[in-house]
Structures are given as C-alpha cells and as structure tokens.
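Visitor: Supplied in structure tokens, the structure appears directly below.
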Amino acid sequence: MRVLGVDPGLTRCGVGVVDGAPGTQLRLVTVDVIRTSPDDDIGTRLIGLERGLEALLDAYRPDAVAVERVFSQHNVSTVIGTAQAGAIAIACGARRGLPVVLHTPSEAKAAVTGNGRADKAQVTSMVTRLLRLDTPPKPADAADALALAICHVWRGGAQARIQAARMRQYGVDR
C-alpha cells in the first residue's frame with residue numbers, strides 16, 4: 001500500500017509518501033513541506049496548497065490519503081487555518097476516488113512510538129528508525145506527515161477497503 005500522509009497547515013503543510021504493509025519493511029518514497037506565505041490572502045494560500053497536493057498525487061499515485069484530524073486548540077485562528085488546509089487535502093484525495101482517512105495526533109504517535117503522548121522528538125526519532133533514514137526528516141511537519149502515513153499503513157488496511165467499497169457503492173471510481 002502506498003499512503004500519502006498530510007500534516008495540514010497553511011504556512012507549512014507536511015507531506016510524505018510511504019510504501020508498506022503490516023509486517024513488512026516500510027519504504028520512504030518522498031517527504032516534503034508545502035509552504036505558503038502568510039502575507040498572501042487565504043484564497044491564494046489554499047490554491048497553492050491544492051496545487052502542491054495535486055502535484056504529489058500525480059507524481060506518486062498513492063492508494064490512500066491519511067490526514068491529521070484537527071483537534072481543539074486554544075488559538076482559534078490556528079485551528080481554522082489547519083482545518084482549511086486539511087479540507088483541501090481531503091478534497092484532493094476524494095476527487096480522485098481515493099480512500100481518505102483521518103487519524104488523530106495521538107493515534108499517529110501511538111502507531112510509531114507506542115505512546116500516544118510522545119513528543120515531537122520521539123516521533124521524529126522513531127520515524128527515522130522505521131524508515132531507515134540516514135537523517136531525520138525536517139521540519140517536524142514532515143516527520144508528522146510520515147508518522148500519519150505509517151499509522152495508516154499499519155492500521156488502515158481494513159479501513160481503506162471499507163472506504164473504497166463505500167466509494168464504489170456511490171459510483172465514485174478512481
């Protein structure tokens with residue numbers, strides 16, 4: 001299974017593609033951060049994010065998209081921007097008929113570290129080990145996107161099959 005993980009954000013949106021299956025060695029395909037300028041208007045930023053995600057979907061053809069579920073934060077403007085970025089990722093995957101799943105930060109942390117409350121350094125360290133990388137992915141948004149992809153490879157096979165069946169039921173083809 002090839003999974004695109006997306007750690008949504010308007011200024012920095014972490015993206016990573018991982019190949020793997022439960023019980024097999026994971027393989028990094030690509031990792032990056034899509035950046036938009038906070039000086040640009042919201043429409044321009046969302047279009048920039050969409051173009052970056054569409055380019056990744058075209059280039060790497062994932063089987064599923066795993067997006068971090070937005071959780072309540074104290075800074076309302078941050079959570080709104082994160083939700084908007086996440087919605088773009090969801091729409092890009094759904095437009096192609098791909099299974100799109102949401103994983104909470106604690107689910108992704110637990111999947112890669114065994115601890116849903118792991119800090120960013122622990123997540124980055126385990127992502128580096130699991131993918132057998134020479135250097136840790138940076139910034140943290142990139143490592144978080146890979147953790148989401150890994151989480152879905154390991155936990156989402158059944159979820160992806162269910163979602164694909166639902167998509168076929170409603171006439172959405174890949």
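Just remember, in the structure tokens the first chain shown is A, the second B, etc., residues are 1-based per chain, and ligands are 1-based in the order shown.
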Which residues, written as a VMD selection string, have at least one atom at most 8 Å from range 143-156 of chain A, with only C-alpha atoms counted and residues fewer than 6 positions away on the same chain left out?
Guide: chain A and resid 1 to 7 14 to 22 26 31 65 to 68 103 107 to 109 111 to 112 123 to 124 127 136 to 137
Visitor: Using only C-alpha atoms, which protein or nucleic acid residues come within 8 Å of Thr82 in chain A? Drop anything in the same chain fewer than 4 positions from it, and give the result as a ChimeraX atom specification.
Guide: /A:8-10,70,78,86
Visitor: Give me, as a tab-separated table, the closest atom pair and its distance (Å, one decimal) for every residue of range 71-173 of chain A within a cut-off of 7 Å of range 44-64 of chain A, counting only C-alpha atoms, rows sorted by chain and rising number.
Guide:
residue	atom	partner	partner_atom	distance
A:Ala85	CA	A:Leu46	CA	6.8
A:Ile88	CA	A:Glu50	CA	6.1
A:Ala89	CA	A:Leu53	CA	6.9
A:Cys92	CA	A:Glu54	CA	6.6
A:Leu98	CA	A:Ala64	CA	5.5
A:Pro99	CA	A:Ala64	CA	5.0
A:Val100	CA	A:Ala64	CA	6.0
Visitor: Can you measure CA of Lys120 in chain A to CA of Ile90 in chain A for me? One decimal in Å is fine.
Guide: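 Those two atoms sit 24.0 Å apart.
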Visitor: Using only C-alpha atoms for the distances, tell me which of A:Gly23, A:Leu28, A:Thr11, A:Arg117 is nearest to Arg132 in chain A.
Guide: A:Leu28
Visitor: Please measure the separation of CA of Gln84 in chain A and CA of Leu131 in chain A, giving the value in Å to one decimal.
Guide: 29.4 Å
Visitor: Could you please determine the separation between CA of Val76 in chain A and CA of Arg95 in chain A in Å, to one decimal place?
Guide: 28.2 Å
Visitor: Per DSSP on the backbone, what are the strand (DSSP E) residues of chain A, as number ranges by chain?
Guide: A: 2-7, 12-19, 27-35, 64-68, 100-103
Visitor: From a DSSP calculation on the backbone, collect every residue of range 1-170 of chain A in alpha helix (DSSP H) and output the set as number ranges by chain.
Guide: A: 42-60, 76-95, 105-113, 120-130, 140-155, 157-169
Visitor: I'd like to know which of A:Ile34, A:Ala83, A:Arg12, A:Arg27 is closest to Thr128 in chain A, using only C-alpha atoms.
Guide: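 When distances to Thr128 in chain A are compared using only C-alpha atoms, the smallest one comes from A:Arg27.
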